[in-house]
$ cat entry17.pdb   # PDB, C-alpha atoms
ATOM      1  CA  MET A1489      69.127  34.078  49.225  1.00  0.00           C
ATOM      2  CA  SER A1490      65.648  35.526  49.631  1.00  0.00           C
ATOM      3  CA  LYS A1491      65.169  39.259  49.900  1.00  0.00           C
ATOM      4  CA  LYS A1492      62.879  40.140  52.804  1.00  0.00           C
ATOM      5  CA  LEU A1493      60.691  43.108  53.646  1.00  0.00           C
ATOM      6  CA  ILE A1494      58.992  43.916  56.912  1.00  0.00           C
ATOM      7  CA  ALA A1495      55.978  46.152  56.271  1.00  0.00           C
ATOM      8  CA  TYR A1496      54.133  47.250  59.381  1.00  0.00           C
ATOM      9  CA  PHE A1497      51.370  49.528  60.611  1.00  0.00           C
ATOM     10  CA  SER A1498      51.739  50.795  64.159  1.00  0.00           C
ATOM     11  CA  ALA A1499      49.221  53.103  65.809  1.00  0.00           C
ATOM     12  CA  SER A1500      50.943  53.426  69.184  1.00  0.00           C
ATOM     13  CA  GLY A1501      54.516  52.215  68.648  1.00  0.00           C
ATOM     14  CA  VAL A1502      54.108  48.662  69.961  1.00  0.00           C
ATOM     15  CA  THR A1503      54.022  47.039  66.520  1.00  0.00           C
ATOM     16  CA  LYS A1504      56.869  49.299  65.370  1.00  0.00           C
ATOM     17  CA  ALA A1505      59.052  47.950  68.181  1.00  0.00           C
ATOM     18  CA  ALA A1506      58.173  44.366  67.213  1.00  0.00           C
ATOM     19  CA  ALA A1507      58.930  45.121  63.543  1.00  0.00           C
ATOM     20  CA  GLU A1508      62.319  46.566  64.449  1.00  0.00           C
ATOM     21  CA  ARG A1509      63.167  43.469  66.524  1.00  0.00           C
ATOM     22  CA  LEU A1510      62.120  41.273  63.607  1.00  0.00           C
ATOM     23  CA  ALA A1511      64.198  43.325  61.145  1.00  0.00           C
ATOM     24  CA  LYS A1512      67.237  42.900  63.361  1.00  0.00           C
ATOM     25  CA  ALA A1513      66.658  39.129  63.554  1.00  0.00           C
ATOM     26  CA  THR A1514      66.116  38.691  59.800  1.00  0.00           C
ATOM     27  CA  GLY A1515      68.219  41.400  58.197  1.00  0.00           C
ATOM     28  CA  ALA A1516      65.092  42.500  56.317  1.00  0.00           C
ATOM     29  CA  ASP A1517      64.266  45.963  55.001  1.00  0.00           C
ATOM     30  CA  LEU A1518      61.671  47.980  56.942  1.00  0.00           C
ATOM     31  CA  PHE A1519      58.660  49.852  55.549  1.00  0.00           C
ATOM     32  CA  GLU A1520      56.128  51.645  57.706  1.00  0.00           C
ATOM     33  CA  ILE A1521      52.552  51.532  56.421  1.00  0.00           C
ATOM     34  CA  LYS A1522      51.412  55.064  57.214  1.00  0.00           C
ATOM     35  CA  PRO A1523      47.856  56.262  56.693  1.00  0.00           C
ATOM     36  CA  GLU A1524      47.391  59.222  54.344  1.00  0.00           C
ATOM     37  CA  ILE A1525      45.577  60.905  57.235  1.00  0.00           C
ATOM     38  CA  PRO A1526      47.384  60.056  60.502  1.00  0.00           C
ATOM     39  CA  TYR A1527      45.319  58.691  63.381  1.00  0.00           C
ATOM     40  CA  THR A1528      44.795  60.921  66.399  1.00  0.00           C
ATOM     41  CA  CYS A1529      44.228  59.662  69.944  1.00  0.00           C
ATOM     42  CA  ALA A1530      40.517  60.402  69.477  1.00  0.00           C
ATOM     43  CA  ASP A1531      40.521  58.362  66.241  1.00  0.00           C
ATOM     44  CA  LEU A1532      41.870  55.373  68.151  1.00  0.00           C
ATOM     45  CA  ASP A1533      39.306  55.499  70.973  1.00  0.00           C
ATOM     46  CA  TRP A1534      37.792  52.031  70.584  1.00  0.00           C
ATOM     47  CA  THR A1535      35.235  52.802  73.319  1.00  0.00           C
ATOM     48  CA  ASN A1536      33.655  55.473  71.098  1.00  0.00           C
ATOM     49  CA  LYS A1537      31.516  53.863  68.381  1.00  0.00           C
ATOM     50  CA  LYS A1538      31.874  57.055  66.306  1.00  0.00           C
ATOM     51  CA  SER A1539      35.672  57.208  66.436  1.00  0.00           C
ATOM     52  CA  ARG A1540      37.486  56.788  63.132  1.00  0.00           C
ATOM     53  CA  SER A1541      38.901  53.365  64.011  1.00  0.00           C
ATOM     54  CA  SER A1542      35.508  52.096  65.208  1.00  0.00           C
ATOM     55  CA  VAL A1543      33.790  53.312  62.045  1.00  0.00           C
ATOM     56  CA  GLU A1544      36.482  51.786  59.801  1.00  0.00           C
ATOM     57  CA  MET A1545      36.422  48.453  61.584  1.00  0.00           C
ATOM     58  CA  SER A1546      32.631  48.207  61.431  1.00  0.00           C
ATOM     59  CA  ASN A1547      32.679  48.682  57.637  1.00  0.00           C
ATOM     60  CA  PRO A1548      34.097  45.675  55.743  1.00  0.00           C
ATOM     61  CA  ASN A1549      34.595  47.885  52.671  1.00  0.00           C
ATOM     62  CA  SER A1550      36.720  50.443  54.515  1.00  0.00           C
ATOM     63  CA  ARG A1551      40.102  50.968  52.848  1.00  0.00           C
ATOM     64  CA  PRO A1552      42.029  53.826  54.476  1.00  0.00           C
ATOM     65  CA  GLU A1553      44.452  55.441  52.034  1.00  0.00           C
ATOM     66  CA  ILE A1554      48.166  54.764  52.519  1.00  0.00           C
ATOM     67  CA  ALA A1555      50.618  57.692  52.363  1.00  0.00           C
ATOM     68  CA  GLU A1556      53.406  55.889  50.460  1.00  0.00           C
ATOM     69  CA  LYS A1557      53.869  52.739  48.411  1.00  0.00           C
ATOM     70  CA  VAL A1558      56.738  50.279  48.363  1.00  0.00           C
ATOM     71  CA  SER A1559      58.370  51.234  45.058  1.00  0.00           C
ATOM     72  CA  ASN A1560      60.312  47.990  44.633  1.00  0.00           C
ATOM     73  CA  MET A1561      57.899  45.318  45.886  1.00  0.00           C
ATOM     74  CA  GLY A1562      58.932  43.066  43.004  1.00  0.00           C
ATOM     75  CA  ASP A1563      62.398  42.752  44.571  1.00  0.00           C
ATOM     76  CA  TYR A1564      61.090  40.889  47.625  1.00  0.00           C
ATOM     77  CA  ASP A1565      60.455  37.157  47.973  1.00  0.00           C
ATOM     78  CA  ILE A1566      59.259  37.215  51.589  1.00  0.00           C
ATOM     79  CA  VAL A1567      57.064  39.973  53.009  1.00  0.00           C
ATOM     80  CA  PHE A1568      56.362  40.114  56.725  1.00  0.00           C
ATOM     81  CA  ILE A1569      53.237  42.186  57.404  1.00  0.00           C
ATOM     82  CA  GLY A1570      52.777  43.496  60.929  1.00  0.00           C
ATOM     83  CA  PHE A1571      49.874  45.189  62.648  1.00  0.00           C
ATOM     84  CA  PRO A1572      48.052  45.573  65.942  1.00  0.00           C
ATOM     85  CA  ILE A1573      44.946  43.454  66.423  1.00  0.00           C
ATOM     86  CA  TRP A1574      41.820  45.623  66.303  1.00  0.00           C
ATOM     87  CA  TRP A1575      38.458  43.985  66.973  1.00  0.00           C
ATOM     88  CA  TYR A1576      40.096  40.534  66.638  1.00  0.00           C
ATOM     89  CA  VAL A1577      41.458  41.171  63.107  1.00  0.00           C
ATOM     90  CA  ALA A1578      43.970  43.362  61.290  1.00  0.00           C
ATOM     91  CA  PRO A1579      43.077  47.059  60.904  1.00  0.00           C
ATOM     92  CA  THR A1580      41.452  47.813  57.553  1.00  0.00           C
ATOM     93  CA  ILE A1581      44.550  49.728  56.412  1.00  0.00           C
ATOM     94  CA  ILE A1582      46.200  46.290  56.162  1.00  0.00           C
ATOM     95  CA  ASN A1583      43.472  45.252  53.712  1.00  0.00           C
ATOM     96  CA  THR A1584      44.406  48.340  51.659  1.00  0.00           C
ATOM     97  CA  PHE A1585      48.071  47.325  51.750  1.00  0.00           C
ATOM     98  CA  VAL A1586      47.486  43.691  50.802  1.00  0.00           C
ATOM     99  CA  GLU A1587      45.213  44.655  47.906  1.00  0.00           C
ATOM    100  CA  SER A1588      47.728  47.224  46.595  1.00  0.00           C
ATOM    101  CA  TYR A1589      50.337  44.764  45.309  1.00  0.00           C
ATOM    102  CA  ASP A1590      50.658  41.568  43.331  1.00  0.00           C
ATOM    103  CA  PHE A1591      51.957  39.057  45.859  1.00  0.00           C
ATOM    104  CA  SER A1592      51.698  36.077  43.478  1.00  0.00           C
ATOM    105  CA  GLY A1593      54.373  33.547  44.371  1.00  0.00           C
ATOM    106  CA  LYS A1594      55.649  35.578  47.313  1.00  0.00           C
ATOM    107  CA  SER A1595      55.572  34.333  50.879  1.00  0.00           C
ATOM    108  CA  ILE A1596      53.610  36.522  53.258  1.00  0.00           C
ATOM    109  CA  VAL A1597      54.305  36.153  56.953  1.00  0.00           C
ATOM    110  CA  PRO A1598      51.842  38.019  59.180  1.00  0.00           C
ATOM    111  CA  PHE A1599      52.753  39.123  62.682  1.00  0.00           C
ATOM    112  CA  ALA A1600      50.746  41.072  65.193  1.00  0.00           C
ATOM    113  CA  THR A1601      50.678  42.710  68.578  1.00  0.00           C
ATOM    114  CA  SER A1602      47.756  42.892  70.968  1.00  0.00           C
ATOM    115  CA  GLY A1603      46.931  43.859  74.508  1.00  0.00           C
ATOM    116  CA  GLY A1604      45.051  40.642  75.108  1.00  0.00           C
ATOM    117  CA  SER A1605      43.646  38.804  72.117  1.00  0.00           C
ATOM    118  CA  GLY A1606      45.339  36.432  69.713  1.00  0.00           C
ATOM    119  CA  MET A1607      45.309  36.563  65.921  1.00  0.00           C
ATOM    120  CA  GLY A1608      41.927  34.861  65.720  1.00  0.00           C
ATOM    121  CA  LYS A1609      40.822  34.535  62.083  1.00  0.00           C
ATOM    122  CA  THR A1610      43.037  37.381  60.905  1.00  0.00           C
ATOM    123  CA  VAL A1611      45.064  35.331  58.448  1.00  0.00           C
ATOM    124  CA  GLU A1612      41.966  33.656  56.957  1.00  0.00           C
ATOM    125  CA  VAL A1613      40.448  37.094  56.364  1.00  0.00           C
ATOM    126  CA  LEU A1614      43.632  38.504  54.789  1.00  0.00           C
ATOM    127  CA  LYS A1615      44.007  35.468  52.503  1.00  0.00           C
ATOM    128  CA  LEU A1616      40.705  36.419  50.862  1.00  0.00           C
ATOM    129  CA  PHE A1617      42.252  39.704  49.691  1.00  0.00           C
ATOM    130  CA  CYS A1618      45.401  38.074  48.366  1.00  0.00           C
ATOM    131  CA  PRO A1619      44.818  34.403  47.522  1.00  0.00           C
ATOM    132  CA  THR A1620      47.784  34.054  45.130  1.00  0.00           C
ATOM    133  CA  ALA A1621      50.425  34.522  47.842  1.00  0.00           C
ATOM    134  CA  ASN A1622      51.959  31.743  49.886  1.00  0.00           C
ATOM    135  CA  TRP A1623      50.675  32.553  53.361  1.00  0.00           C
ATOM    136  CA  GLU A1624      52.846  31.417  56.257  1.00  0.00           C
ATOM    137  CA  GLU A1625      51.599  30.887  59.789  1.00  0.00           C
ATOM    138  CA  GLY A1626      51.280  34.155  61.678  1.00  0.00           C
ATOM    139  CA  LYS A1627      52.658  34.926  65.112  1.00  0.00           C
ATOM    140  CA  MET A1628      51.955  37.307  67.968  1.00  0.00           C
ATOM    141  CA  LEU A1629      55.216  39.141  68.696  1.00  0.00           C
ATOM    142  CA  ASN A1630      54.627  41.534  71.568  1.00  0.00           C
ATOM    143  CA  ARG A1631      55.529  39.030  74.288  1.00  0.00           C
ATOM    144  CA  VAL A1632      58.072  36.898  72.456  1.00  0.00           C
ATOM    145  CA  SER A1633      61.595  36.397  73.792  1.00  0.00           C
ATOM    146  CA  GLU A1634      64.616  36.829  71.534  1.00  0.00           C
ATOM    147  CA  LYS A1635      65.087  33.049  71.571  1.00  0.00           C
ATOM    148  CA  GLU A1636      61.460  32.398  70.510  1.00  0.00           C
ATOM    149  CA  LEU A1637      61.794  35.023  67.789  1.00  0.00           C
ATOM    150  CA  GLU A1638      64.972  33.381  66.501  1.00  0.00           C
ATOM    151  CA  ILE A1639      63.339  29.922  66.437  1.00  0.00           C
ATOM    152  CA  TRP A1640      60.295  31.284  64.554  1.00  0.00           C
ATOM    153  CA  VAL A1641      62.382  33.193  62.007  1.00  0.00           C
ATOM    154  CA  ASN A1642      64.718  30.254  61.374  1.00  0.00           C
ATOM    155  CA  ARG A1643      61.854  27.896  60.507  1.00  0.00           C
ATOM    156  CA  LEU A1644      60.658  30.164  57.673  1.00  0.00           C
TER     157      LEU A1644
END
$ encode --input "entry17.pdb" --output "structure tokens"
Amino acid sequence: MSKKLIAYFSASGVTKAAAERLAKATGADLFEIKPEIPYTCADLDWTNKKSRSSVEMSNPNSRPEIAEKVSNMGDYDIVFIGFPIWWYVAPTIINTFVESYDFSGKSIVPFATSGGSGMGKTVEVLKLFCPTANWEEGKMLNRVSEKELEIWVNRL
């Protein structure tokens, strides 16, 4: 039986709720990807080009520091990685997370939440940072019924 981890970044609680639903459906362990310096409401103001999130997302080399690491990543075979969609891709803290571990031979299953956009090219971008993992098809989870979630999880 595969050991599963759900690692997620949630700025407003929406992705956290999706991660908790997914953990319940899969029996996986949960890990919150927390930034070393927490985001404030002003940091998340996407309408302000000088806000922290806007500056990070406009810089492809941005790698926000993460407060804690998964100490036993080697124990997991399947890692679900969850995040909100920012500017049509994953927040740059997810790049930091993906580059922080050796995912060789592991299955990575991305999931996301968004107020309106889909995943776009998110998975293609993340694959560049971790090409040795087995990337599964991602899914938007903020408007998924329990039945749809069960069907998706059972096909993995």
$ closest_residue --input "entry17.pdb" --among "A:Ser1592, A:Ser1539, A:Asn1547, A:Ser1559" --to "Trp1623 of chain A" --atoms "all atoms listed in the file"
A:Ser1592
$ atom_distance --input "entry17.pdb" --atom1 "atom CA of Leu1614 of chain A" --atom2 "atom CA of Pro1598 of chain A"
9.3 Å
$ residues_around --input "entry17.pdb" --residues "segment 1509-1518 of chain A" --least-positions-apart "4" --cutoff "10 Å" --atoms "all atoms listed in the file" --output "PyMOL selection string"
chain A and resi 1490-1496+1503-1505+1564+1566-1568+1570+1599+1629+1634+1637-1638+1641-1642
$ resolve_selection --input "entry17.pdb" --expression "the PyMOL selection byres ((chain A and resi 1618) around 10)" --output "number ranges by chain"
A: 1583, 1586-1592, 1596, 1613-1617, 1619-1623
$ atom_distance --input "entry17.pdb" --atom1 "atom CA of Glu1636 of chain A" --atom2 "atom CA of Ile1569 of chain A"
18.3 Å
$ atom_distance --input "entry17.pdb" --atom1 "atom CA of Ser1550 of chain A" --atom2 "atom CA of Thr1580 of chain A"
6.2 Å
$ residues_around --input "entry17.pdb" --residues "Glu1556 of chain A" --least-positions-apart "2" --cutoff "10 Å" --atoms "all atoms listed in the file" --output "ChimeraX atom specification"
/A:1519-1524,1553-1554,1558-1559
$ axis_aligned_box --input "entry17.pdb" --around "segment 1530-1544 of chain A" --padding-each-side "4 Å" --output "JSON"
{"center_x": 36.7, "center_y": 56.1, "center_z": 66.6, "size_x": 18.4, "size_y": 16.6, "size_z": 21.5}
$ closest_residue --input "entry17.pdb" --among "A:Trp1640, A:Phe1585, A:Phe1497, A:Trp1574" --to "Trp1534 of chain A" --atoms "all atoms listed in the file"
A:Trp1574
$ closest_residue --input "entry17.pdb" --among "A:Thr1610, A:Pro1572, A:Met1545, A:Ile1525" --to "Gly1501 of chain A" --atoms "only C-alpha atoms"
A:Pro1572
$ closest_residue --input "entry17.pdb" --among "A:Val1611, A:Val1502, A:Ser1541, A:Arg1643" --to "Thr1528 of chain A" --atoms "all atoms listed in the file"
A:Ser1541
$ closest_residue --input "entry17.pdb" --among "A:Thr1601, A:Gly1606, A:Lys1594, A:Ser1633" --to "Asp1563 of chain A" --atoms "only C-alpha atoms"
A:Lys1594
$ closest_residue --input "entry17.pdb" --among "A:Ile1573, A:Lys1557, A:Gly1603, A:Ile1581" --to "Tyr1527 of chain A" --atoms "all atoms listed in the file"
A:Ile1581
$ decode --input "entry17.pdb" --residues "segment 1586-1600 of chain A" --atoms "all heavy atoms" --output "mmCIF file, in the first residue's frame"
data_model
loop_
_atom_site.group_PDB
_atom_site.id
_atom_site.type_symbol
_atom_site.label_atom_id
_atom_site.label_comp_id
_atom_site.auth_asym_id
_atom_site.auth_seq_id
_atom_site.Cartn_x
_atom_site.Cartn_y
_atom_site.Cartn_z
ATOM 1 N N VAL A 1586 8.873 22.259 -4.479
ATOM 2 C CA VAL A 1586 9.188 21.195 -5.437
ATOM 3 C C VAL A 1586 10.702 21.030 -5.608
ATOM 4 O O VAL A 1586 11.198 19.917 -5.746
ATOM 5 C CB VAL A 1586 8.478 21.464 -6.786
ATOM 6 C CG1 VAL A 1586 8.968 20.554 -7.875
ATOM 7 C CG2 VAL A 1586 6.976 21.312 -6.622
ATOM 8 N N GLU A 1587 11.427 22.126 -5.574
ATOM 9 C CA GLU A 1587 12.882 22.061 -5.729
ATOM 10 C C GLU A 1587 13.606 21.630 -4.453
ATOM 11 O O GLU A 1587 14.799 21.341 -4.488
ATOM 12 C CB GLU A 1587 13.421 23.424 -6.176
ATOM 13 C CG GLU A 1587 13.013 23.785 -7.579
ATOM 14 C CD GLU A 1587 13.444 25.189 -7.985
ATOM 15 O OE1 GLU A 1587 13.603 26.071 -7.119
ATOM 16 O OE2 GLU A 1587 13.620 25.396 -9.197
ATOM 17 N N SER A 1588 12.897 21.530 -3.340
ATOM 18 C CA SER A 1588 13.519 21.229 -2.049
ATOM 19 C C SER A 1588 13.682 19.742 -1.759
ATOM 20 O O SER A 1588 14.306 19.382 -0.764
ATOM 21 C CB SER A 1588 12.693 21.853 -0.916
ATOM 22 O OG SER A 1588 12.689 23.254 -1.022
ATOM 23 N N TYR A 1589 13.126 18.888 -2.583
ATOM 24 C CA TYR A 1589 13.145 17.448 -2.315
ATOM 25 C C TYR A 1589 13.506 16.671 -3.567
ATOM 26 O O TYR A 1589 13.341 17.151 -4.674
ATOM 27 C CB TYR A 1589 11.756 16.975 -1.837
ATOM 28 C CG TYR A 1589 11.289 17.685 -0.599
ATOM 29 C CD1 TYR A 1589 10.476 18.812 -0.688
ATOM 30 C CD2 TYR A 1589 11.669 17.244 0.669
ATOM 31 C CE1 TYR A 1589 10.050 19.480 0.450
ATOM 32 C CE2 TYR A 1589 11.249 17.904 1.808
ATOM 33 C CZ TYR A 1589 10.445 19.020 1.691
ATOM 34 O OH TYR A 1589 10.025 19.685 2.810
ATOM 35 N N ASP A 1590 13.948 15.446 -3.354
ATOM 36 C CA ASP A 1590 14.181 14.523 -4.463
ATOM 37 C C ASP A 1590 12.907 13.695 -4.633
ATOM 38 O O ASP A 1590 12.600 12.848 -3.802
ATOM 39 C CB ASP A 1590 15.372 13.619 -4.164
ATOM 40 C CG ASP A 1590 15.649 12.624 -5.278
ATOM 41 O OD1 ASP A 1590 14.988 12.699 -6.346
ATOM 42 O OD2 ASP A 1590 16.536 11.768 -5.088
ATOM 43 N N PHE A 1591 12.170 13.983 -5.675
ATOM 44 C CA PHE A 1591 10.918 13.280 -5.945
ATOM 45 C C PHE A 1591 11.108 12.160 -6.975
ATOM 46 O O PHE A 1591 10.125 11.652 -7.515
ATOM 47 C CB PHE A 1591 9.848 14.258 -6.445
ATOM 48 C CG PHE A 1591 9.327 15.191 -5.386
ATOM 49 C CD1 PHE A 1591 9.730 16.513 -5.355
ATOM 50 C CD2 PHE A 1591 8.446 14.743 -4.423
ATOM 51 C CE1 PHE A 1591 9.244 17.381 -4.384
ATOM 52 C CE2 PHE A 1591 7.950 15.595 -3.444
ATOM 53 C CZ PHE A 1591 8.352 16.925 -3.425
ATOM 54 N N SER A 1592 12.326 11.759 -7.243
ATOM 55 C CA SER A 1592 12.591 10.707 -8.224
ATOM 56 C C SER A 1592 11.767 9.464 -7.903
ATOM 57 O O SER A 1592 11.800 8.952 -6.782
ATOM 58 C CB SER A 1592 14.070 10.326 -8.229
ATOM 59 O OG SER A 1592 14.858 11.427 -8.575
ATOM 60 N N GLY A 1593 11.021 8.999 -8.892
ATOM 61 C CA GLY A 1593 10.229 7.788 -8.732
ATOM 62 C C GLY A 1593 8.937 7.961 -7.961
ATOM 63 O O GLY A 1593 8.140 7.034 -7.890
ATOM 64 N N LYS A 1594 8.707 9.112 -7.383
ATOM 65 C CA LYS A 1594 7.463 9.356 -6.658
ATOM 66 C C LYS A 1594 6.405 9.884 -7.629
ATOM 67 O O LYS A 1594 6.732 10.492 -8.632
ATOM 68 C CB LYS A 1594 7.669 10.395 -5.546
ATOM 69 C CG LYS A 1594 8.602 9.942 -4.443
ATOM 70 C CD LYS A 1594 8.694 10.989 -3.361
ATOM 71 C CE LYS A 1594 9.731 10.645 -2.327
ATOM 72 N NZ LYS A 1594 9.490 9.434 -1.588
ATOM 73 N N SER A 1595 5.164 9.661 -7.292
ATOM 74 C CA SER A 1595 4.071 10.246 -8.062
ATOM 75 C C SER A 1595 3.687 11.564 -7.409
ATOM 76 O O SER A 1595 3.494 11.625 -6.194
ATOM 77 C CB SER A 1595 2.854 9.317 -8.074
ATOM 78 O OG SER A 1595 3.147 8.164 -8.829
ATOM 79 N N ILE A 1596 3.605 12.603 -8.218
ATOM 80 C CA ILE A 1596 3.153 13.900 -7.738
ATOM 81 C C ILE A 1596 1.810 14.186 -8.386
ATOM 82 O O ILE A 1596 1.657 14.098 -9.607
ATOM 83 C CB ILE A 1596 4.156 15.024 -8.063
ATOM 84 C CG1 ILE A 1596 5.480 14.769 -7.346
ATOM 85 C CG2 ILE A 1596 3.581 16.378 -7.645
ATOM 86 C CD1 ILE A 1596 6.527 15.835 -7.583
ATOM 87 N N VAL A 1597 0.850 14.543 -7.538
ATOM 88 C CA VAL A 1597 -0.503 14.816 -7.997
ATOM 89 C C VAL A 1597 -0.841 16.256 -7.601
ATOM 90 O O VAL A 1597 -1.117 16.528 -6.439
ATOM 91 C CB VAL A 1597 -1.514 13.843 -7.361
ATOM 92 C CG1 VAL A 1597 -2.898 14.055 -7.960
ATOM 93 C CG2 VAL A 1597 -1.060 12.401 -7.514
ATOM 94 N N PRO A 1598 -0.806 17.183 -8.547
ATOM 95 C CA PRO A 1598 -1.143 18.565 -8.213
ATOM 96 C C PRO A 1598 -2.652 18.778 -8.127
ATOM 97 O O PRO A 1598 -3.418 18.142 -8.841
ATOM 98 C CB PRO A 1598 -0.547 19.366 -9.371
ATOM 99 C CG PRO A 1598 -0.478 18.413 -10.503
ATOM 100 C CD PRO A 1598 -0.351 17.036 -9.925
ATOM 101 N N PHE A 1599 -3.043 19.657 -7.206
ATOM 102 C CA PHE A 1599 -4.435 20.096 -7.151
ATOM 103 C C PHE A 1599 -4.437 21.571 -6.808
ATOM 104 O O PHE A 1599 -3.496 22.083 -6.206
ATOM 105 C CB PHE A 1599 -5.267 19.271 -6.157
ATOM 106 C CG PHE A 1599 -4.904 19.438 -4.714
ATOM 107 C CD1 PHE A 1599 -5.578 20.353 -3.904
ATOM 108 C CD2 PHE A 1599 -3.899 18.674 -4.149
ATOM 109 C CE1 PHE A 1599 -5.257 20.497 -2.565
ATOM 110 C CE2 PHE A 1599 -3.567 18.808 -2.809
ATOM 111 C CZ PHE A 1599 -4.249 19.731 -2.012
ATOM 112 N N ALA A 1600 -5.474 22.249 -7.233
ATOM 113 C CA ALA A 1600 -5.498 23.701 -7.058
ATOM 114 C C ALA A 1600 -6.902 24.202 -6.779
ATOM 115 O O ALA A 1600 -7.884 23.490 -6.971
ATOM 116 C CB ALA A 1600 -4.938 24.377 -8.309
#
